[in-house]
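**Student:** Below is one structure. I have some questions about it.
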Amino acid sequence: MQRMCLSVGPDFGHAGISTRQQQLFQEAAEFGIRCGLTIPLVDRRGGVAAMTFAADRIDPTFLRIAEQYEQALEIMATCFHIGVRRKLSGGLAVNGVSLTPREYECLQWTAKGKTAWEIGCILGIKERTAAFHLDNAKKKLGVRTKNQAVTLLASSRSSIL
């Protein structure tokens, strides 16, 4: 995907774009977006998002500055997207796979070196229940061992998208 930096609105010609794209630009203009930079974001699961930095009028200075700071704006957009994804998932996703709060909690304790018996004592549940939640987490993550699941947990905390 490429970044789009376009001026929009009824006064601006859009030669070479489809009717659907023209409609998108017209709708943007109706919302007061006349000029902007859109940064597409594609995550590891193939999800797509976009962030637009926009102005309410065609402004060559705005476009020049947006172009000059395009990399910084891309980093900001990426960080914002990561933050939103974490908030929406409640932080309970590992490699894009949603876990229940208890599965995630058991996996976190496993990452700290605790056994199923110790996790049961800490959480006030039976050892078998802790093992059950860990087994479910492993199945969801598509791994066979607790170490593999913990590795995915650690890598998901440090990865960007």
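FYI, nothing fancy with the structure tokens labels: chains A, B, ... in order, residues from 1 per chain, ligands from 1 as they appear.
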Could you pull out the alpha helix (DSSP H) residues of chain A, going by DSSP on the backbone, and write them as JSON, numbers by chain?
**Tutor:** {"A": [19, 20, 21, 22, 23, 24, 25, 26, 27, 28, 29, 30, 60, 61, 62, 63, 64, 65, 66, 67, 68, 70, 71, 72, 73, 74, 75, 76, 77, 78, 79, 80, 81, 82, 83, 84, 85, 86, 87, 88, 89, 101, 102, 103, 104, 105, 106, 107, 108, 109, 110, 111, 116, 117, 118, 119, 120, 121, 122, 123, 127, 128, 129, 130, 131, 132, 133, 134, 135, 136, 137, 138, 139, 140, 141, 146, 147, 148, 149, 150, 151, 152, 153, 154, 155, 156, 157, 158]}
**Student:** Measuring atom to atom with only C-alpha atoms, identify which of A:Gln68, A:Gln108, A:Ser156, A:Thr78 is nearest to A:Gly96.
**Tutor:**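 Closest candidate: A:Ser156.
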**Student:** Using DSSP on the backbone coordinates, identify all residues within chain A classified as strand (DSSP E); present the result as a ChimeraX atom specification.
**Tutor:** /A:4-7,35-42,48-55,93-94,97-98
**Student:** What lies within 10 Å of A:Glu105 using only C-alpha atoms, ignoring chain neighbours under 2 positions off, as a PyMOL selection string?
**Tutor:** chain A and resi 92+99-103+107-111+119+123+130+133-134
**Student:** Compile a residue-level contact table for stretch 72-118 of chain A against stretch 60-66 of chain A at a cut-off of 12 Å, reporting for every qualifying residue the shortest atom pair and its distance in Å to one decimal, with only C-alpha atoms counted, rows ordered by chain and ascending number, as a Markdown table.
**Tutor:**
```
| residue | atom | partner | partner_atom | distance |
| --- | --- | --- | --- | --- |
| A:Ala72 | CA | A:Ala66 | CA | 9.3 |
| A:Leu73 | CA | A:Ala66 | CA | 7.7 |
| A:Glu74 | CA | A:Ala66 | CA | 10.2 |
```
**Student:** Any chance you could export the current selection's N, CA and C atoms as a compact mmCIF listing (two decimals), in the first residue's frame?
**Tutor:**
```
# COMPACT_ATOMS: atom_id res chain seq x y z
N ALA A 72 8.05 10.54 10.56
CA ALA A 72 7.63 10.76 11.95
C ALA A 72 6.13 10.54 12.09
N LEU A 73 5.35 11.02 11.12
CA LEU A 73 3.91 10.83 11.16
C LEU A 73 3.55 9.35 11.03
N GLU A 74 4.32 8.62 10.24
CA GLU A 74 4.08 7.19 10.11
C GLU A 74 4.34 6.48 11.44
```
**Student:** Between atom CA of A:Leu37 and atom CA of A:Thr52, what distance in Å does the model show, to one decimal?
**Tutor:**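 Those two atoms sit 5.5 Å apart.
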**Student:** Of the candidates A:Ile39, A:Ile58, A:Val94, A:Val150, which one gets nearest to A:Ala77 if we count only C-alpha atoms?
**Tutor:**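 Once distances to A:Ala77 are computed over only C-alpha atoms, the minimum belongs to A:Ile39.
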**Student:** Calculate how many Å separate atom CA of A:Glu118 from atom CA of A:Gly142, rounding to one decimal.
**Tutor:**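 Pair atom CA of A:Glu118 / atom CA of A:Gly142 returns 24.4 Å.
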**Student:** What's the separation between atom CA of A:Thr38 and atom CA of A:Ser18, in Å to one decimal place?
**Tutor:**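 Here the two named atoms are 17.9 Å from each other.
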**Student:** Need to verify the contact set: A:Ala49, 7 Å, only C-alpha atoms, exclusion of same-chain residues closer than 4 positions in sequence. Can you return it as an NGL selection string?
**Tutor:** :A and (40-42)
**Student:** Kindly indicate which residue among A:Ala154, A:Met51, A:Ile75, A:Ala116 lies nearest to A:Ala93, using only C-alpha atoms for the distances.
**Tutor:**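 Closest to A:Ala93, using only C-alpha atoms: A:Ala154.
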